[in-house]
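Data from run_18.cif: mmCIF, C-alpha atoms
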data_model
loop_
_atom_site.label_atom_id
_atom_site.label_comp_id
_atom_site.auth_asym_id
_atom_site.auth_seq_id
_atom_site.Cartn_x
_atom_site.Cartn_y
_atom_site.Cartn_z
CA MET A 73 0.00 0.00 0.00
CA ARG A 74 1.41 3.35 -1.03
CA PRO A 75 1.79 5.99 1.67
CA ILE A 76 -0.38 9.04 1.29
CA ARG A 77 1.68 12.03 0.16
CA LEU A 78 0.48 15.22 1.79
CA PRO A 79 0.84 18.50 -0.11
CA GLU A 80 3.88 20.58 0.72
CA PRO A 81 3.25 23.74 2.75
CA PRO A 82 3.44 26.89 0.67
CA SER A 83 6.88 28.41 0.31
CA PRO A 84 7.94 31.91 -0.69
CA THR A 85 8.83 30.63 -4.15
CA MET A 86 5.40 29.06 -4.61
CA GLY A 87 3.61 32.26 -3.65
CA VAL A 88 0.45 32.67 -1.60
CA PRO A 89 -3.12 33.56 -2.50
CA ASP A 90 -3.69 37.29 -2.98
CA ILE A 91 -6.08 37.41 -0.07
CA PHE A 92 -3.21 36.62 2.33
CA ALA A 93 -0.62 38.85 0.72
CA GLY A 94 0.59 41.35 3.30
CA GLY A 95 -1.58 39.81 5.97
CA GLY A 96 -5.13 38.50 6.07
CA TYR A 97 -6.62 41.73 7.43
CA ASN A 98 -4.97 44.23 5.07
CA VAL A 99 -7.23 43.90 2.03
CA ILE A 100 -10.23 46.19 1.52
CA ARG A 101 -13.10 44.40 -0.21
CA ARG A 102 -16.11 46.61 0.57
CA ALA A 103 -17.11 50.25 0.91
CA VAL A 104 -19.64 52.42 2.68
CA ILE A 105 -20.82 55.63 1.01
CA ILE A 106 -22.09 58.43 3.22
CA GLY A 107 -24.41 60.59 1.12
CA ASN A 108 -26.48 63.71 1.72
CA GLY A 109 -29.38 63.05 -0.65
CA PHE A 110 -28.07 65.39 -3.37
CA PRO A 111 -27.23 63.65 -6.67
CA GLY A 112 -24.29 65.95 -7.39
CA SER A 113 -22.52 64.98 -4.17
CA GLU A 114 -23.43 61.31 -4.12
CA ASN A 115 -22.43 60.91 -7.78
CA GLN A 116 -18.88 61.89 -6.81
CA SER A 117 -18.65 59.22 -4.10
CA ILE A 118 -20.18 56.54 -6.33
CA GLY A 119 -17.80 57.51 -9.13
CA LEU A 120 -14.75 57.06 -6.89
CA VAL A 121 -15.98 53.72 -5.54
CA ARG A 122 -16.64 52.60 -9.11
CA ALA A 123 -13.11 53.60 -10.17
CA LEU A 124 -11.76 51.56 -7.25
CA GLY A 125 -13.57 48.45 -8.47
CA LEU A 126 -16.14 48.30 -5.67
CA SER A 127 -19.26 49.39 -7.57
CA ASP A 128 -21.11 46.20 -6.65
CA LYS A 129 -19.66 45.94 -3.15
CA HIS A 130 -20.82 49.09 -1.41
CA VAL A 131 -23.71 50.22 0.76
CA LEU A 132 -25.21 53.73 0.62
CA TYR A 133 -26.10 55.52 3.85
CA ARG A 134 -27.52 59.04 4.03
CA VAL A 135 -27.28 61.91 6.44
CA THR A 136 -30.74 63.43 6.11
CA ARG A 137 -32.12 66.73 7.33
CA PRO A 138 -35.67 67.56 8.42
CA ARG A 139 -37.62 69.05 5.54
CA GLY A 140 -40.67 71.15 4.95
CA GLY A 141 -41.91 74.38 6.49
CA ILE A 142 -39.36 76.34 8.51
CA ASN A 143 -36.75 73.62 7.95
CA GLU A 144 -36.05 74.98 4.47
CA TRP A 145 -34.58 78.06 6.17
CA LEU A 146 -32.41 76.13 8.61
CA HIS A 147 -29.98 74.32 6.28
CA TRP A 148 -27.16 76.62 7.40
CA LEU A 149 -27.23 74.90 10.81
CA PRO A 150 -25.11 71.81 11.56
CA VAL A 151 -27.19 68.67 10.97
CA SER A 152 -27.19 67.63 14.64
CA VAL A 153 -28.39 71.07 15.79
CA HIS A 154 -30.99 71.17 13.02
CA LYS A 155 -32.44 67.81 14.07
CA LYS A 156 -32.62 68.80 17.74
CA LEU A 157 -34.36 72.04 16.85
CA ASP A 158 -36.79 70.15 14.61
CA TYR A 159 -37.56 67.80 17.52
CA VAL A 160 -38.45 70.78 19.72
CA ILE A 161 -40.60 72.29 16.97
CA ARG A 162 -42.40 68.98 16.49
CA GLN A 163 -43.13 68.74 20.19
CA LEU A 164 -44.59 72.24 20.16
CA CYS A 165 -46.58 71.47 17.01
CA GLY A 166 -47.86 68.29 18.63
CA TYR A 167 -49.12 70.28 21.58
CA SER A 168 -50.73 72.82 19.23
CA ARG A 169 -52.40 70.04 17.23
CA LEU A 170 -53.84 68.64 20.45
CA LEU A 171 -55.38 72.00 21.31
CA LEU A 172 -56.79 72.45 17.80
CA THR A 173 -58.30 68.98 17.88
CA ALA A 174 -59.92 69.71 21.21
CA ARG A 175 -61.46 72.87 19.71
CA GLY A 176 -62.65 71.00 16.63
CA GLU A 177 -60.55 73.09 14.24
CA LYS A 178 -59.17 71.68 10.98
CA LEU A 179 -55.56 70.48 10.97
CA VAL A 180 -53.13 71.25 8.16
CA PRO A 181 -50.86 68.26 7.39
CA ARG A 182 -47.18 68.93 8.09
CA PRO A 183 -44.65 67.82 5.46
CA LEU A 184 -43.01 64.48 6.15
CA GLN A 185 -39.52 64.56 7.60
CA ASN A 186 -36.49 63.70 5.44
CA GLY A 187 -38.25 63.80 2.14
CA GLY A 188 -41.07 61.33 2.73
CA SER A 189 -42.04 60.42 -0.79
CA GLU A 190 -38.64 61.36 -2.24
CA GLY A 191 -37.30 57.84 -1.80
CA LEU A 192 -34.98 58.53 1.12
CA SER A 193 -36.74 55.96 3.28
CA SER A 194 -35.33 53.21 1.07
CA VAL A 195 -31.75 54.20 2.00
CA LEU A 196 -30.27 53.54 5.43
CA GLU A 197 -29.88 56.53 7.74
CA ALA A 198 -26.19 57.13 8.50
CA ASN A 199 -25.75 56.06 12.12
CA VAL A 200 -22.18 56.46 13.37
CA ARG A 201 -22.42 53.80 16.09
CA GLN A 202 -23.93 51.21 13.76
CA ILE A 203 -21.29 51.75 11.07
CA VAL A 204 -18.46 51.70 13.63
CA THR A 205 -19.79 48.51 15.21
CA MET A 206 -20.11 46.87 11.80
CA ALA A 207 -16.54 47.86 10.87
CA ARG A 208 -15.14 46.44 14.10
CA GLU A 209 -17.16 43.22 14.22
CA THR A 210 -16.55 42.28 10.58
CA TYR A 211 -12.88 43.30 10.45
CA GLU A 212 -11.43 39.82 11.03
CA LYS A 213 -13.72 38.22 8.47
CA ASP A 214 -13.96 40.91 5.78
CA GLY A 215 -10.96 43.16 6.41
CA PRO A 216 -10.90 46.97 6.64
CA LEU A 217 -13.80 49.14 5.53
CA LEU A 218 -13.50 51.95 2.98
CA VAL A 219 -15.69 54.93 3.89
CA VAL A 220 -16.32 57.57 1.21
CA ALA A 221 -18.32 60.71 2.01
CA SER A 222 -19.15 63.88 0.11
CA GLY A 223 -20.86 67.12 1.05
CA ARG A 224 -20.97 69.40 4.10
CA ASP A 225 -23.64 67.43 5.95
CA THR A 226 -21.52 64.25 5.91
CA ILE A 227 -18.40 65.76 7.50
CA SER A 228 -19.33 65.11 11.13
CA THR A 229 -20.41 61.53 10.44
CA ALA A 230 -17.30 60.63 8.44
CA SER A 231 -14.86 62.20 10.91
CA SER A 232 -16.59 60.49 13.86
CA ILE A 233 -16.25 57.09 12.14
CA LYS A 234 -12.55 57.81 11.62
CA ILE A 235 -12.06 58.71 15.31
CA LEU A 236 -13.98 55.73 16.72
CA ALA A 237 -12.72 53.02 14.34
CA SER A 238 -9.38 54.32 13.06
CA ASP A 239 -7.82 50.81 13.06
CA ASN A 240 -10.64 49.35 10.97
CA VAL A 241 -11.51 52.01 8.40
CA PHE A 242 -10.01 54.24 5.73
CA VAL A 243 -12.03 57.46 5.41
CA VAL A 244 -12.07 59.58 2.24
CA GLN A 245 -13.87 62.94 2.33
CA ILE A 246 -14.73 64.48 -1.05
CA GLN A 247 -14.91 68.30 -1.20
CA HIS A 248 -12.98 70.40 1.28
CA PRO A 249 -14.43 69.73 4.76
CA ARG A 250 -13.59 73.17 6.24
CA VAL A 251 -12.23 71.45 9.35
CA GLN A 252 -8.87 69.98 10.35
CA LEU A 253 -7.77 67.66 7.57
CA ASN A 254 -6.26 65.07 9.93
CA ARG A 255 -9.80 64.03 10.82
CA PHE A 256 -9.76 62.05 7.57
CA ASP A 257 -7.32 59.67 5.92
CA LEU A 258 -7.65 61.49 2.59
CA VAL A 259 -9.44 64.57 1.27
CA ILE A 260 -10.22 64.91 -2.46
CA THR A 261 -11.20 68.40 -3.56
CA PRO A 262 -11.03 70.65 -6.65
CA ARG A 263 -8.17 73.15 -6.87
CA HIS A 264 -10.64 76.02 -7.01
CA ASP A 265 -11.66 75.27 -3.41
CA TYR A 266 -8.32 76.86 -2.52
CA TYR A 267 -9.11 80.03 -4.45
CA PRO A 268 -9.39 82.07 -1.19
CA LEU A 269 -5.64 81.51 -0.67
CA THR A 270 -4.62 82.91 -4.07
CA PRO A 271 -3.46 86.55 -4.32
CA GLU A 272 -6.60 87.39 -6.30
CA GLY A 273 -8.80 85.67 -3.72
CA GLN A 274 -7.06 87.47 -0.87
CA GLU A 275 -7.70 90.82 -2.54
CA ARG A 276 -11.42 90.10 -2.64
CA ILE A 277 -11.65 89.23 1.07
CA PRO A 278 -11.65 92.06 3.66
CA LYS A 279 -8.90 91.50 6.24
CA PHE A 280 -11.35 91.22 9.13
CA LEU A 281 -13.12 88.34 7.33
CA ARG A 282 -10.06 86.32 6.29
CA TRP A 283 -10.08 84.29 9.50
CA TRP A 284 -13.58 83.07 8.68
CA ILE A 285 -12.90 82.19 5.05
CA THR A 286 -11.73 78.61 4.73
CA PRO A 287 -9.51 76.87 3.81
CA ARG A 288 -6.92 78.97 5.64
CA GLU A 289 -3.92 76.69 5.00
CA ALA A 290 -2.35 75.29 1.84
CA PRO A 291 -3.14 71.65 1.02
CA ASP A 292 -1.02 69.09 2.87
CA ARG A 293 -0.34 65.39 2.29
CA HIS A 294 -3.95 64.55 3.19
CA VAL A 295 -5.24 66.41 0.12
CA VAL A 296 -5.70 65.26 -3.49
CA LEU A 297 -6.39 68.19 -5.83
CA THR A 298 -8.52 67.76 -8.95
CA THR A 299 -9.38 70.08 -11.82
CA GLY A 300 -13.10 69.38 -11.83
CA VAL A 301 -15.33 67.17 -9.71
CA LEU A 302 -15.49 63.39 -9.58
CA HIS A 303 -18.15 61.47 -11.52
CA GLN A 304 -18.96 58.08 -13.04
CA ILE A 305 -17.99 58.80 -16.65
CA ASP A 306 -15.08 56.84 -18.11
CA SER A 307 -14.32 55.05 -21.39
CA ALA A 308 -16.10 51.88 -20.29
CA ALA A 309 -19.24 53.81 -19.28
CA LEU A 310 -19.22 55.68 -22.61
CA ARG A 311 -18.86 52.46 -24.61
CA SER A 312 -21.75 50.91 -22.72
CA ALA A 313 -23.91 54.01 -23.25
CA ALA A 314 -23.03 54.13 -26.95
CA SER A 315 -24.28 50.58 -27.32
CA ALA A 316 -27.41 51.12 -25.22
CA TRP A 317 -28.43 54.29 -27.12
CA HIS A 318 -27.28 53.19 -30.58
CA ASP A 319 -30.74 52.84 -32.11
CA LYS A 320 -31.79 56.26 -30.83
CA PHE A 321 -28.77 58.35 -31.77
CA ALA A 322 -27.00 56.57 -34.65
CA PRO A 323 -29.60 57.68 -37.27
CA LEU A 324 -29.43 61.38 -36.25
CA PRO A 325 -27.83 63.80 -38.74
CA LYS A 326 -24.31 64.88 -37.77
CA PRO A 327 -22.76 66.79 -36.20
CA LEU A 328 -24.85 66.33 -33.06
CA LEU A 329 -24.69 69.28 -30.66
CA VAL A 330 -25.83 68.59 -27.08
CA VAL A 331 -26.85 71.57 -24.94
CA ASN A 332 -26.99 71.15 -21.15
CA ILE A 333 -28.66 73.98 -19.23
CA GLY A 334 -28.40 74.29 -15.46
CA GLY A 335 -29.59 77.12 -13.26
CA PRO A 336 -28.27 80.24 -11.54
CA THR A 337 -26.21 79.91 -8.35
CA GLY A 338 -24.74 82.33 -5.85
CA CYS A 339 -21.53 82.49 -7.90
CA CYS A 340 -23.16 82.36 -11.36
CA ARG A 341 -26.20 84.61 -11.56
CA TYR A 342 -28.37 84.82 -14.66
CA GLY A 343 -31.97 84.75 -15.82
CA SER A 344 -33.98 85.38 -18.97
CA ASP A 345 -31.19 87.57 -20.40
CA LEU A 346 -28.85 84.59 -20.66
CA ALA A 347 -31.64 82.45 -22.12
CA LYS A 348 -32.19 85.01 -24.90
CA GLN A 349 -28.45 85.22 -25.58
CA LEU A 350 -28.10 81.42 -25.64
CA THR A 351 -31.07 81.11 -28.01
CA ALA A 352 -29.60 83.67 -30.39
CA HIS A 353 -26.23 81.87 -30.41
CA LEU A 354 -27.88 78.49 -31.07
CA LEU A 355 -29.89 79.90 -33.96
CA SER A 356 -26.62 81.22 -35.41
CA VAL A 357 -24.87 77.84 -35.34
CA LEU A 358 -27.85 75.74 -36.47
CA VAL A 359 -26.71 75.94 -40.08
CA SER A 360 -23.56 73.96 -39.21
CA CYS A 361 -25.39 71.41 -37.04
CA GLY A 362 -27.05 68.23 -38.16
CA SER A 363 -29.03 67.84 -34.91
CA VAL A 364 -29.35 69.69 -31.60
CA ARG A 365 -30.58 68.10 -28.38
CA ILE A 366 -31.32 70.29 -25.36
CA SER A 367 -31.69 69.18 -21.73
CA PHE A 368 -32.70 71.22 -18.70
CA SER A 369 -31.72 70.41 -15.13
CA THR A 370 -33.98 70.45 -12.09
CA ARG A 371 -32.43 73.84 -11.24
CA THR A 372 -33.38 75.51 -14.53
CA PRO A 373 -35.81 78.40 -13.85
CA GLU A 374 -39.10 78.15 -15.69
CA LYS A 375 -38.60 81.57 -17.26
CA VAL A 376 -35.36 80.31 -18.83
CA SER A 377 -36.81 77.07 -20.18
CA LYS A 378 -39.90 78.81 -21.54
CA ILE A 379 -37.83 81.22 -23.65
CA ILE A 380 -35.75 78.41 -25.13
CA VAL A 381 -38.77 76.18 -25.83
CA LYS A 382 -40.64 79.08 -27.45
CA GLU A 383 -37.76 80.03 -29.77
CA LEU A 384 -36.41 76.59 -30.62
CA GLY A 385 -39.12 74.05 -29.81
CA ASN A 386 -40.58 73.98 -33.33
CA ASN A 387 -37.29 73.85 -35.20
CA PRO A 388 -36.97 70.51 -37.04
CA LYS A 389 -33.28 70.20 -36.13
CA VAL A 390 -33.92 70.66 -32.41
CA TYR A 391 -35.16 68.15 -29.84
CA ILE A 392 -35.85 69.30 -26.28
CA TRP A 393 -35.97 66.54 -23.66
CA ASP A 394 -39.18 66.74 -21.65
CA GLY A 395 -37.70 65.33 -18.44
CA GLN A 396 -39.42 61.96 -18.72
CA GLU A 397 -37.54 58.69 -18.25
CA PRO A 398 -35.36 57.29 -19.62
CA ASN A 399 -32.85 60.09 -19.07
CA PRO A 400 -30.72 60.41 -22.23
CA HIS A 401 -27.76 62.02 -20.43
CA MET A 402 -25.40 59.05 -20.88
CA GLY A 403 -26.45 58.69 -24.50
CA HIS A 404 -25.72 62.38 -25.04
CA LEU A 405 -22.23 62.04 -23.59
CA ALA A 406 -21.49 59.01 -25.76
CA TRP A 407 -22.94 60.23 -29.08
CA ALA A 408 -22.49 64.01 -29.05
CA ASP A 409 -19.97 65.60 -31.39
CA ALA A 410 -19.82 68.78 -29.29
CA PHE A 411 -21.34 70.27 -26.13
CA VAL A 412 -22.65 73.63 -25.00
CA VAL A 413 -22.95 73.82 -21.19
CA THR A 414 -24.02 76.72 -19.00
CA ALA A 415 -21.23 77.88 -16.70
CA ASP A 416 -23.07 77.26 -13.42
CA SER A 417 -22.73 73.46 -13.38
CA ILE A 418 -19.23 72.24 -12.54
CA SER A 419 -20.55 68.67 -12.54
CA MET A 420 -21.97 68.78 -16.08
CA ILE A 421 -18.86 70.53 -17.37
CA SER A 422 -16.55 67.99 -15.71
CA GLU A 423 -18.47 65.10 -17.28
CA ALA A 424 -18.45 66.66 -20.75
CA CYS A 425 -14.72 67.38 -20.48
CA SER A 426 -14.04 63.71 -19.71
CA THR A 427 -15.06 62.81 -23.28
CA GLY A 428 -12.28 64.72 -25.09
CA LYS A 429 -14.89 66.32 -27.38
CA PRO A 430 -15.34 70.07 -27.94
CA VAL A 431 -16.97 71.80 -24.95
CA TYR A 432 -18.30 75.36 -25.23
CA ILE A 433 -19.23 77.29 -22.08
CA MET A 434 -22.12 79.74 -21.97
CA GLY A 435 -22.11 82.53 -19.39
CA ALA A 436 -18.67 82.09 -17.79
CA GLU A 437 -18.26 85.89 -17.67
CA ARG A 438 -21.17 85.98 -15.21
CA CYS A 439 -19.39 83.74 -12.70
CA THR A 440 -17.43 85.00 -9.71
CA TRP A 441 -15.26 83.68 -6.90
CA LYS A 442 -14.09 80.06 -7.23
CA PHE A 443 -16.38 79.38 -10.22
CA ALA A 444 -14.47 81.99 -12.19
CA ASP A 445 -11.21 80.35 -11.12
CA PHE A 446 -12.50 76.97 -12.33
CA HIS A 447 -13.36 78.32 -15.79
CA LYS A 448 -10.02 80.12 -16.01
CA SER A 449 -8.13 76.88 -15.32
CA LEU A 450 -10.08 74.96 -17.97
CA LYS A 451 -9.42 77.62 -20.62
CA GLU A 452 -5.73 77.65 -19.77
CA LYS A 453 -5.63 73.88 -20.31
CA GLY A 454 -7.37 74.25 -23.68
CA VAL A 455 -10.25 72.06 -22.50
CA VAL A 456 -13.12 74.53 -23.07
CA ARG A 457 -13.93 77.55 -25.19
CA SER A 458 -16.50 80.31 -24.82
CA PHE A 459 -19.71 79.89 -26.82
CA THR A 460 -20.04 82.97 -29.04
CA GLY A 461 -22.50 81.85 -31.72
CA SER A 462 -19.90 82.17 -34.47
CA GLU A 463 -18.68 78.57 -34.25
CA ASP A 464 -18.76 76.09 -37.12
CA MET A 465 -19.82 72.86 -35.39
CA SER A 466 -18.41 70.76 -38.22
CA ASP A 467 -14.91 71.91 -37.18
CA SER A 468 -13.83 69.55 -34.42
CA TRP A 469 -11.03 70.00 -31.90
CA SER A 470 -9.82 67.85 -29.03
CA TYR A 471 -7.71 67.78 -25.86
CA PRO A 472 -6.56 65.19 -23.32
CA PRO A 473 -9.79 64.23 -21.49
CA LEU A 474 -10.04 65.13 -17.82
CA ASN A 475 -9.32 62.01 -15.77
CA ASP A 476 -9.91 63.35 -12.28
CA THR A 477 -11.75 60.28 -10.97
CA THR A 478 -9.15 57.81 -12.24
CA GLU A 479 -6.29 59.94 -10.90
CA ALA A 480 -8.01 60.29 -7.53
CA ALA A 481 -8.51 56.52 -7.36
CA SER A 482 -4.79 56.07 -8.02
CA ARG A 483 -3.99 58.35 -5.10
CA VAL A 484 -6.30 56.31 -2.86
CA HIS A 485 -4.33 53.19 -3.79
CA GLU A 486 -1.08 54.99 -2.92
CA ALA A 487 -2.40 56.16 0.45
CA LEU A 488 -3.61 52.65 1.29
CA SER A 489 -0.21 51.23 0.35
CA GLU A 490 1.53 53.67 2.72
CA ARG A 491 -0.67 52.30 5.49
CA GLY A 492 0.17 48.72 4.55
CA TRP A 493 -3.28 48.05 3.12
CA SER A 494 -4.39 47.21 -0.40
CA LEU A 495 -7.65 47.26 -2.28
CA ARG A 496 -8.64 44.16 -4.21
CA PRO A 497 -12.27 43.78 -5.31
#
In structure tokens, how does this file's structure come out?
Amino acid sequence: MRPIRLPEPPSPTMGVPDIFAGGGYNVIRRAVIIGNGFPGSENQSIGLVRALGLSDKHVLYRVTRPRGGINEWLHWLPVSVHKKLDYVIRQLCGYSRLLLTARGEKLVPRPLQNGGSEGLSSVLEANVRQIVTMARETYEKDGPLLVVASGRDTISTASSIKILASDNVFVVQIQHPRVQLNRFDLVITPRHDYYPLTPEGQERIPKFLRWWITPREAPDRHVVLTTGVLHQIDSAALRSAASAWHDKFAPLPKPLLVVNIGGPTGCCRYGSDLAKQLTAHLLSVLVSCGSVRISFSTRTPEKVSKIIVKELGNNPKVYIWDGQEPNPHMGHLAWADAFVVTADSISMISEACSTGKPVYIMGAERCTWKFADFHKSLKEKGVVRSFTGSEDMSDSWSYPPLNDTTEAASRVHEALSERGWSLRP
């Protein structure tokens, strides 16, 4: 009878499975996203997680604020203070409702907290203790936890998770948190967030206010600077969208001009005057366009959309999306030959500039503060041009596409490596 030959133990020359490389507990396989309910912010976190290969291995939590009534005027408060104040108001309203009921008077329904019908109830509320407990209790089995947060309302939650579970988590905060940067493992923010520190920015700030304008210090090793904002658009996403929207867009006459219209902000103010100017410019370039597709955002004022629909809605070359699903945004990015984007939306501009196709900006001269700095940097890189109405849309030009999300993901890998951790989906 032959003796049973047992397998040899693994040796350095034979190698070891990836999961044990560098230690069994040093590999990140999952992520938690801390959102604030705003698509612009959450899209950045999802885009980074996607670039890190964890798109199907993450859970979304949200920090939600009370909504409705007086709450719409209290968003300047920290979330924790806002919720406590809302609790007091609800107690007082409850007492008032009791008195009204006793008197037989009609009650007016109060808006539901945290959005009610807006779908927020289907997403877990961000609870620091629950996330910390989960990170600690699953560490030995599943390894460290990647936490990605974006937006002002998520800062307290993300930094608390870092403090309470620093040995079990790696915390990335997107957008400058306006607090001490060592509260996070990494901060990813656009360069224009540091505009207050530039000589031009300093000139615009009165000396007695400079202490209150943040950031007050230059970026340190915790900070990754980007040109635009993070998003989910990359070559793979564009190829997928091109295939999905082929039947809709392939037959359209070329060149296809896509126009994305946002809405005024504190740093980019405009109204019907810009709508009239944009309409005039579009009418001027129509002769060189095969097709034009126009999309409005949820921030677009009605007076702006009405002017554009009135002037262009009946033109056979022009299609104006009515806001009904499916949203053609990805199809537009994949199939457009050129873009016109209003200057107020850094997100839409960043996505368009990731395609390498011509991007024309409308209304940049109306922007101030860090928005103006953002547009200046894009023009200096040759990524965008001003939309003047004299363009020939059949003349194409290109540039190296913005790769902010991919570059940020690379920096996350580097930071994890310095800590002795790795990220393998």
Tell me, in Å to one decimal, how far CA of Gly362 in chain A is from CA of His318 in chain A.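 So the answer is 16.8 Å.
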Tell me, as a ChimeraX atom specification, which residues lie within 8 Å of Leu310 in chain A, counting all atoms listed in the file; anything in the same chain fewer than 6 positions away does not count. /A:402,405-406
Ground truth for the PyMOL selection byres ((chain A and resi 239) around 10), written as a PyMOL selection string: chain A and resi 207-208+211+216-217+234-238+240-242
Could you write out as a PyMOL selection string the residues that the PyMOL selection byres ((chain A and resi 121-133) around 10) matches in the shown file? chain A and resi 100-109+114-120+134-136+192+194-199+203+217-221+303-306+477-482+484-485+495-497
Residues picked by the PyMOL selection byres ((chain A and resi 287) around 12) here, as a PyMOL selection string? chain A and resi 247-253+261+263-270+273-274+282-286+288-292+295
Report as a PyMOL selection string all protein, DNA and RNA residues lying within 9 Å of range 335-350 of chain A, evaluated on only C-alpha atoms, omitting residues in the same chain fewer than 6 positions from it. chain A and resi 368-373+375-377+379-380+383+414-417+434-444+459-461
What's the separation between CA of Thr351 in chain A and CA of Pro472 in chain A, in Å to one decimal place? 29.6 Å
Please produce, as JSON lines, a per-residue contact table for range 454-484 of chain A versus range 358-361 of chain A (criterion: any atom at most 10 Å away, only C-alpha atoms considered), showing the nearest atom pair and its distance in Å to one decimal, sorted by chain then residue number.
{"residue": "A:Gly461", "atom": "CA", "partner": "A:Leu358", "partner_atom": "CA", "distance": 9.4}
{"residue": "A:Glu463", "atom": "CA", "partner": "A:Ser360", "partner_atom": "CA", "distance": 8.3}
{"residue": "A:Asp464", "atom": "CA", "partner": "A:Ser360", "partner_atom": "CA", "distance": 5.7}
{"residue": "A:Met465", "atom": "CA", "partner": "A:Ser360", "partner_atom": "CA", "distance": 5.5}
{"residue": "A:Ser466", "atom": "CA", "partner": "A:Ser360", "partner_atom": "CA", "distance": 6.1}
{"residue": "A:Asp467", "atom": "CA", "partner": "A:Ser360", "partner_atom": "CA", "distance": 9.1}
Which of A:Arg483, A:Arg365, A:Lys326, A:Arg276 sits closest to His294 in chain A [using all atoms listed in the file]: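 For His294 in chain A, the nearest of the given residues is A:Arg483.
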What is the CA of Glu486 in chain A to CA of Pro473 in chain A distance in Å? 22.5 Å
If we count only C-alpha atoms, what is near Asp476 in chain A at a cut-off of 8 Å, once residues fewer than 3 positions away on the same chain are taken out, given as a short mmCIF file (atom, residue, chain, number, x, y, z; two decimals) with C-alpha atoms, in the coordinates of the input?
data_model
loop_
_atom_site.label_atom_id
_atom_site.label_comp_id
_atom_site.auth_asym_id
_atom_site.auth_seq_id
_atom_site.Cartn_x
_atom_site.Cartn_y
_atom_site.Cartn_z
CA THR A 298 -8.52 67.76 -8.95
CA THR A 299 -9.38 70.08 -11.82
CA GLY A 300 -13.10 69.38 -11.83
CA VAL A 301 -15.33 67.17 -9.71
CA LEU A 302 -15.49 63.39 -9.58
CA GLU A 479 -6.29 59.94 -10.90
CA ALA A 480 -8.01 60.29 -7.53
#
Selected residue, from A:Ser222, A:Val431, A:Trp145, A:Ser468, that lies nearest to Lys451 in chain A when counting all atoms listed in the file: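 Closest residue, counting all atoms listed in the file: A:Val431.
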Counting all atoms listed in the file, the residue of A:Ile421, A:Leu258, A:Val455, A:Ala408 that sits nearest Phe321 in chain A: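 Checking each of A:Ile421, A:Leu258, A:Val455, A:Ala408 against Phe321 in chain A, counting all atoms listed in the file, the winner is A:Ala408.
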Tell me, as a list in words, which residues lie within 10 Å of Val412 in chain A, counting all atoms listed in the file; anything in the same chain fewer than 6 positions away does not count. Leu329, Val330, Val331, Asn332, Ile333, Leu350, Leu354, Ile366, Ile421, Ala424, Pro430, Val431, Tyr432, Ile433, Met434, Val456, Arg457, Ser458 and Phe459 of chain A
Measuring between all atoms listed in the file, which one of A:Ser494, A:Pro400, A:Tyr391, A:Leu355 shows the shortest distance to Ala314 in chain A?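 Selected residue with least distance to Ala314 in chain A: A:Pro400.
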Min atom-atom distance to Trp493 in chain A from the set A:Val244, A:Val99, A:Ala313, A:Ile260, counting only C-alpha atoms, belongs to A:Val99
Using the file's own x, y and z axes, what box holds all listed atoms of range 408-413 of chain A with 8 Å on each side, keeping edges along x, y and z, and what are its centre and edge lengths in Å to one decimal, as lines of an AutoDock Vina configuration file?
center_x = -21.4
center_y = 68.9
center_z = -26.3
size_x = 19.1
size_y = 25.8
size_z = 26.2
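Among the candidates A:Pro388, A:Gly454, A:Gly334, A:Gly223, the residue lying nearest to Gln245 in chain A is A:Gly223 (atoms considered: all atoms listed in the file).
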Pull C-alpha atoms for range 455-480 of chain A from the block and write them as an mmCIF file, in the first residue's frame.
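File written: part.cif
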data_model
loop_
_atom_site.group_PDB
_atom_site.id
_atom_site.type_symbol
_atom_site.label_atom_id
_atom_site.label_comp_id
_atom_site.auth_asym_id
_atom_site.auth_seq_id
_atom_site.Cartn_x
_atom_site.Cartn_y
_atom_site.Cartn_z
ATOM 1 C CA VAL A 455 -10.245 72.062 -22.498
ATOM 2 C CA VAL A 456 -13.117 74.526 -23.069
ATOM 3 C CA ARG A 457 -13.931 77.554 -25.192
ATOM 4 C CA SER A 458 -16.502 80.313 -24.816
ATOM 5 C CA PHE A 459 -19.707 79.890 -26.818
ATOM 6 C CA THR A 460 -20.037 82.965 -29.036
ATOM 7 C CA GLY A 461 -22.500 81.850 -31.718
ATOM 8 C CA SER A 462 -19.896 82.173 -34.470
ATOM 9 C CA GLU A 463 -18.678 78.570 -34.250
ATOM 10 C CA ASP A 464 -18.763 76.088 -37.122
ATOM 11 C CA MET A 465 -19.817 72.862 -35.392
ATOM 12 C CA SER A 466 -18.406 70.759 -38.219
ATOM 13 C CA ASP A 467 -14.909 71.907 -37.177
ATOM 14 C CA SER A 468 -13.834 69.548 -34.423
ATOM 15 C CA TRP A 469 -11.027 69.997 -31.896
ATOM 16 C CA SER A 470 -9.816 67.851 -29.027
ATOM 17 C CA TYR A 471 -7.707 67.778 -25.859
ATOM 18 C CA PRO A 472 -6.558 65.187 -23.322
ATOM 19 C CA PRO A 473 -9.790 64.232 -21.489
ATOM 20 C CA LEU A 474 -10.035 65.133 -17.816
ATOM 21 C CA ASN A 475 -9.316 62.008 -15.772
ATOM 22 C CA ASP A 476 -9.908 63.351 -12.277
ATOM 23 C CA THR A 477 -11.748 60.281 -10.974
ATOM 24 C CA THR A 478 -9.147 57.810 -12.241
ATOM 25 C CA GLU A 479 -6.287 59.940 -10.902
ATOM 26 C CA ALA A 480 -8.009 60.294 -7.526
#
